[in-house]
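Everything on this sheet refers to the single structure shown next.
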Amino acid sequence: MLEIADIKTSYGKIAALKGVSLDIHDGGLTCLLGPNGAGKTTLIWTIAGILKAQAGSMKIDSEEILGLKPHQIVSKGIVTVPENRLVFPDMSVRDNLIAGAFSRRKEKGGIEGDLEDVLTRFPRLRERSEQMAGTLSGGEQQMLAVGRALMARPKILLMDEPSTGLAPIIVEEIFEIIGGLRDEGRTIFLVEQNAHMALKYADRFYLLEQGRVTFSGEPGAVDHDEVIQRAYLGARKAS
Amino acid sequence: MDYFFFIDLIQSTVDGLLFGTTYALIGIGFTLIFGVMRKLNLAYGAAALAGTYIGLVVFLMFDAHPALVFLASALGSGLIGLVVYLCCFRFTPSNYPMASLLASVGMLLFIDEVVIHASHGLPYPYPSVFRDAIIELGDVWVRGDLLFVFFMCVVAMAALFWLLYRTPLGLATRAVSQQPRAAQLCGIDVTRVNMMTFGIAGVLGGIAGAMTAAAVGVLSPVIAMGLTVKGLIVVVIGGLGSIPGAIIGGLLVGAAENIFLLLRGVTERDIYVMLLLFIFLTLRPGGLFGSAQTRD
């Protein structure tokens with residue numbers, strides 16, 4: 001379990017996260033919703049160790065890991081699928097996947113087997129395994145980014161807006177992949193603008209507004225329309 | 001065109017292509033560092049020369065075998081490359097490109113001064129191999145020492161390609177140069193990759209410096225500026241960030257320089273090389289292989 005408590009992150013003098021606390025439980029899909037500029041991506045970059053938090057704590061299985069460098073976070077089993085996919089454009093699909101297992105490079109074996117598993121999970125990547133990643137379509141690049149993260153054998157998979165810039169039919173496909181990963185018992189933390197789709201798959205969700213968690217719960221127990229409206233538009237005035 | 005002139009032209013081109021591999025190595029060094037950090041290291045040529053001087057010290061003090069002298073030059077230059085990284089790049093703010101650029105200019109001047117003072121500004125003999133060997137291909141002669149220079153530089157390039165495409169460090173280096181953010185998310189320690197790249201580029205620079213000196217049998221402190229300027233011309237022509245571009249650029253500059261030398265003499269040679277640079281900067285600023293690609 002990843003416990004995040006009172007994390008504060010700023011860009012210069014502008015506070016983006018004003019004390020965010022949330023838990024990512026083992027197994028299942030935890031979803032973070034919120035409007036543009038709420039600080040969702042800032043939270044992902046902070047967890048990944050790329051942005052430095054000014055205050056707070058982050059514990060995985062009770063071990064404090066806030067302030068570790070990005071590659072150390074990966075070796076703790078927290079692996080990010082970044083927004084806009086960020087594949088290595090001039091590397092083959094296969095090399096992209098092998099790069100994903102970089103933190104495991106000293107292991108004897110295992111990597112080839114995992115590569116085989118990823119290529120079996122995503123047959124489209126197998127067809128294009130020798131192709132440069134930059135020539136793939138958006139949906140295929142998203143699959144590659146997910147596959148690359150799986151190569152690190154994550155304990156917790158962070159996914160930042162996997163639906164950005166994809167056609168609706170591809171978005172459905174990506175969410176089916178995410179649902180499949182959840183059903184395997186993996187721990188996933190999904191940051192999404194597409195609240196409608198996210199609520200369909202989430203086990204738990206948090207709502208982030210203006211750098212604070214303002215709402216949390218289970219999708220079955222809340223009014224979806226209310227959450228979706230706030231996720232897109234921000235808080236309504238109390239009435 | 002009369003026959004002897006034609007032979008002279010071929011001869012100049014062959015010599016230039018052989019020696020051009022040293023330019024190619026220097027160009028590769030600039031390009032490697034730019035590739036991972038998106039920053040120019042202007043101290044690179046001077047560091048390569050200083051490394052070559054470490055080889056010279058080994059030669060003068062122990063009368064060492066040329067192979068050892070070359071090895072000391074390469075390793076010395078790699079070491080100085082690491083020092084340059086620590087002084088000019090490691091701790092300078094990454095979002096202010098001018099900081100590291102000016103730091104590297106300072107380092108260039110500093111290393112240059114140290115070398116000039118230590119050598120009293122005088123050239124010293126440097127070991128040269130296969131000086132008297134000549135391979136005659138009809139009327140064109142291939143000099144043994146230049147062939148050796150060519151061979152060593154090609155071996156260095158082959159070793160680099162092996163490193164980049166067959167080892168985990170190479171994979172990490174390519175990952176960082178294509179998408180540094182994603183490289184971090186793959187568990188790659190970008191700081192370490194940057195440092196290793198400076199070391200490796202330094203070793204290549206040391207080999208280039210050693211071969212430059214070996215080709216003439218003399219090491220002179222004034223070649224620091226030559227290595228820097230030639231290296232930059234090579235990367236502009238080849239396309240900054242492209243290794244194949246640096247190789248082609250190096251061979252092209254080597255050959256062009258020798259042809260201009262033949263046609264116009266030593267006093268005008270560099271004018272024409274600069275003119276070549278001017279033509280590329282105006283007509284094809286991205287270089288032969290190139291696009292100054294944007295990232296992120």
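The way I read the labels, and the way they are meant: chains A, B, ... in the order of the structure tokens, residue 1 as the first residue of every chain, and ligand 1 as the first ligand shown, with later ones counted on from there.
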Contact set, chain A to chain B: 9 Å, only C-alpha atoms, as a PyMOL selection string: chain A and resi 48+50+69-75+79-82+85-91+95-96+98-105+148-149+152
Non-local contacts of B:Val236 (10 Å; only C-alpha atoms; under 2 positions in same chain excluded) as number ranges by chain: B: 27, 31, 230-234, 238-241, 245-246, 249, 277-278, 280-281, 284-290
Test item, strand (DSSP E) assignment across stretch 66-288 of chain B, answer as a list in words: Tyr124, Pro125, Ile134, Ile135, Glu136, Leu137, Val140, Trp141, Val142, Arg143, Val218 and Leu219 of chain B
Surrounding residues of stretch 107-115 of chain B excluding itself and chain neighbours under 4 positions, 7 Å, only C-alpha atoms, as a PyMOL selection string: chain B and resi 42-43+46-47+50+103+119+221+224
Spatial neighbours of B:Ile54, 8 Å, only C-alpha atoms, chain gap at least 2 places, as a VMD selection string: chain B and resid 50 to 52 56 to 58 72 to 73 76 to 77
Take the residues from that selection and put them in a file with C-alpha atoms, as a PDB file, in the first residue's frame.
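Contents of out_5.pdb, as written:
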```pdb
ATOM      1  CA  ALA B  50      45.210  17.941 -22.385  1.00  0.00           C
ATOM      2  CA  GLY B  51      44.581  14.176 -22.301  1.00  0.00           C
ATOM      3  CA  THR B  52      47.003  13.754 -25.176  1.00  0.00           C
ATOM      4  CA  LEU B  56      53.143  12.702 -23.778  1.00  0.00           C
ATOM      5  CA  VAL B  57      54.220  12.903 -20.127  1.00  0.00           C
ATOM      6  CA  VAL B  58      54.142   9.102 -19.943  1.00  0.00           C
ATOM      7  CA  ALA B  72      47.413   7.007 -21.493  1.00  0.00           C
ATOM      8  CA  SER B  73      46.223   9.773 -23.843  1.00  0.00           C
ATOM      9  CA  GLY B  76      43.756  10.801 -19.486  1.00  0.00           C
ATOM     10  CA  SER B  77      41.320  12.583 -21.738  1.00  0.00           C
TER      11      SER B  77
END
```
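Residues in contact with B:Gln11 at up to 10 Å, not including ones fewer than 3 positions away on its chain and judged by only C-alpha atoms, are Phe5, Phe6, Ile7, Asp8, Val14, Asp15, Gly16, Leu17, Asp139, Val140, Trp141, Val142, Asn258, Ile259 and Leu262 of chain B.
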Give me a file of those residues, with all heavy atoms, as a tab-separated table (two decimals), in the first residue's frame.
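selection_27.tsv, written as the output of this step:
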```tsv
chain	number	residue	atom	x	y	z
B	5	PHE	N	48.28	16.20	-62.18
B	5	PHE	CA	47.37	16.96	-61.32
B	5	PHE	C	46.26	16.05	-60.80
B	5	PHE	O	45.89	16.10	-59.62
B	5	PHE	CB	46.77	18.13	-62.10
B	5	PHE	CG	45.77	18.91	-61.26
B	5	PHE	CD1	46.21	19.75	-60.25
B	5	PHE	CD2	44.40	18.76	-61.46
B	5	PHE	CE1	45.30	20.44	-59.47
B	5	PHE	CE2	43.50	19.44	-60.68
B	5	PHE	CZ	43.94	20.30	-59.69
B	6	PHE	N	45.78	15.21	-61.68
B	6	PHE	CA	44.72	14.27	-61.32
B	6	PHE	C	45.20	13.35	-60.18
B	6	PHE	O	44.49	13.14	-59.19
B	6	PHE	CB	44.32	13.46	-62.55
B	6	PHE	CG	43.23	12.47	-62.28
B	6	PHE	CD1	41.94	12.89	-61.99
B	6	PHE	CD2	43.50	11.11	-62.29
B	6	PHE	CE1	40.94	11.98	-61.73
B	6	PHE	CE2	42.50	10.20	-62.02
B	6	PHE	CZ	41.22	10.62	-61.74
B	7	ILE	N	46.42	12.84	-60.32
B	7	ILE	CA	46.98	11.98	-59.28
B	7	ILE	C	47.13	12.75	-57.97
B	7	ILE	O	46.80	12.25	-56.89
B	7	ILE	CB	48.35	11.41	-59.73
B	7	ILE	CG1	48.17	10.38	-60.84
B	7	ILE	CG2	49.10	10.78	-58.55
B	7	ILE	CD1	47.37	9.16	-60.44
B	8	ASP	N	47.60	13.99	-58.07
B	8	ASP	CA	47.73	14.82	-56.86
B	8	ASP	C	46.39	14.98	-56.16
B	8	ASP	O	46.30	14.95	-54.93
B	8	ASP	CB	48.26	16.21	-57.23
B	8	ASP	CG	49.77	16.22	-57.33
B	8	ASP	OD1	50.37	15.23	-56.85
B	8	ASP	OD2	50.33	17.18	-57.87
B	14	VAL	N	42.66	11.11	-50.66
B	14	VAL	CA	42.89	9.90	-49.86
B	14	VAL	C	43.49	10.28	-48.50
B	14	VAL	O	43.00	9.86	-47.45
B	14	VAL	CB	43.81	8.91	-50.62
B	14	VAL	CG1	44.28	7.79	-49.68
B	14	VAL	CG2	43.08	8.33	-51.81
B	15	ASP	N	44.54	11.10	-48.53
B	15	ASP	CA	45.16	11.53	-47.26
B	15	ASP	C	44.13	12.22	-46.37
B	15	ASP	O	44.07	11.98	-45.16
B	15	ASP	CB	46.32	12.51	-47.52
B	15	ASP	CG	47.52	11.81	-48.14
B	15	ASP	OD1	47.50	10.55	-48.20
B	15	ASP	OD2	48.45	12.50	-48.58
B	16	GLY	N	43.33	13.08	-46.99
B	16	GLY	CA	42.34	13.84	-46.23
B	16	GLY	C	41.28	12.94	-45.61
B	16	GLY	O	40.89	13.14	-44.46
B	17	LEU	N	40.83	11.95	-46.38
B	17	LEU	CA	39.82	11.04	-45.84
B	17	LEU	C	40.38	10.23	-44.67
B	17	LEU	O	39.72	10.03	-43.65
B	17	LEU	CB	39.33	10.08	-46.94
B	17	LEU	CG	38.41	10.68	-47.99
B	17	LEU	CD1	38.11	9.67	-49.09
B	17	LEU	CD2	37.10	11.16	-47.36
B	139	ASP	N	50.10	5.04	-58.87
B	139	ASP	CA	50.82	6.28	-58.60
B	139	ASP	C	50.35	6.95	-57.30
B	139	ASP	O	50.87	7.97	-56.91
B	139	ASP	CB	50.66	7.26	-59.78
B	139	ASP	CG	51.48	6.79	-60.96
B	139	ASP	OD1	52.53	6.15	-60.73
B	139	ASP	OD2	51.06	7.02	-62.11
B	140	VAL	N	49.31	6.40	-56.69
B	140	VAL	CA	48.84	6.96	-55.42
B	140	VAL	C	49.48	6.19	-54.28
B	140	VAL	O	49.48	4.96	-54.26
B	140	VAL	CB	47.30	6.85	-55.33
B	140	VAL	CG1	46.82	7.35	-53.98
B	140	VAL	CG2	46.64	7.63	-56.46
B	141	TRP	N	50.07	6.96	-53.35
B	141	TRP	CA	50.73	6.32	-52.21
B	141	TRP	C	49.87	6.48	-50.96
B	141	TRP	O	49.42	7.58	-50.65
B	141	TRP	CB	52.10	6.95	-51.94
B	141	TRP	CG	53.11	6.66	-53.01
B	141	TRP	CD1	52.87	6.09	-54.22
B	141	TRP	CD2	54.51	6.95	-52.96
B	141	TRP	NE1	54.03	5.99	-54.95
B	141	TRP	CE2	55.06	6.51	-54.20
B	141	TRP	CE3	55.35	7.52	-52.00
B	141	TRP	CZ2	56.41	6.64	-54.49
B	141	TRP	CZ3	56.70	7.64	-52.30
B	141	TRP	CH2	57.23	7.20	-53.53
B	142	VAL	N	49.71	5.36	-50.24
B	142	VAL	CA	49.00	5.44	-48.97
B	142	VAL	C	50.03	5.38	-47.85
B	142	VAL	O	50.76	4.39	-47.74
B	142	VAL	CB	47.98	4.29	-48.82
B	142	VAL	CG1	47.27	4.38	-47.47
B	142	VAL	CG2	46.97	4.34	-49.96
B	258	ASN	N	42.21	19.10	-47.41
B	258	ASN	CA	43.40	18.70	-48.17
B	258	ASN	C	43.34	19.13	-49.63
B	258	ASN	O	44.34	19.47	-50.24
B	258	ASN	CB	43.58	17.18	-48.08
B	258	ASN	CG	44.72	16.83	-47.15
B	258	ASN	OD1	45.15	17.67	-46.36
B	258	ASN	ND2	45.20	15.62	-47.24
B	259	ILE	N	42.13	19.10	-50.18
B	259	ILE	CA	41.97	19.54	-51.58
B	259	ILE	C	42.22	21.04	-51.68
B	259	ILE	O	42.92	21.51	-52.59
B	259	ILE	CB	40.57	19.15	-52.11
B	259	ILE	CG1	40.49	17.62	-52.23
B	259	ILE	CG2	40.30	19.81	-53.44
B	259	ILE	CD1	39.10	17.09	-52.48
B	262	LEU	N	45.85	21.71	-51.54
B	262	LEU	CA	46.50	21.45	-52.82
B	262	LEU	C	46.24	22.58	-53.81
B	262	LEU	O	47.14	23.06	-54.50
B	262	LEU	CB	45.97	20.12	-53.41
B	262	LEU	CG	46.40	19.80	-54.84
B	262	LEU	CD1	47.86	19.36	-54.86
B	262	LEU	CD2	45.53	18.71	-55.44
```
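The space between atom CA of B:Asp145 and atom CA of B:Ala213 spans 10.9 Å.
Taking only C-alpha atoms into account, B:Tyr126 lies nearest to B:Val69 out of the set B:Ile26, B:Val69, B:Met152, B:Val273.
Across the model, the gap from atom CA of B:Thr92 to atom CA of B:Met195 is 13.7 Å.
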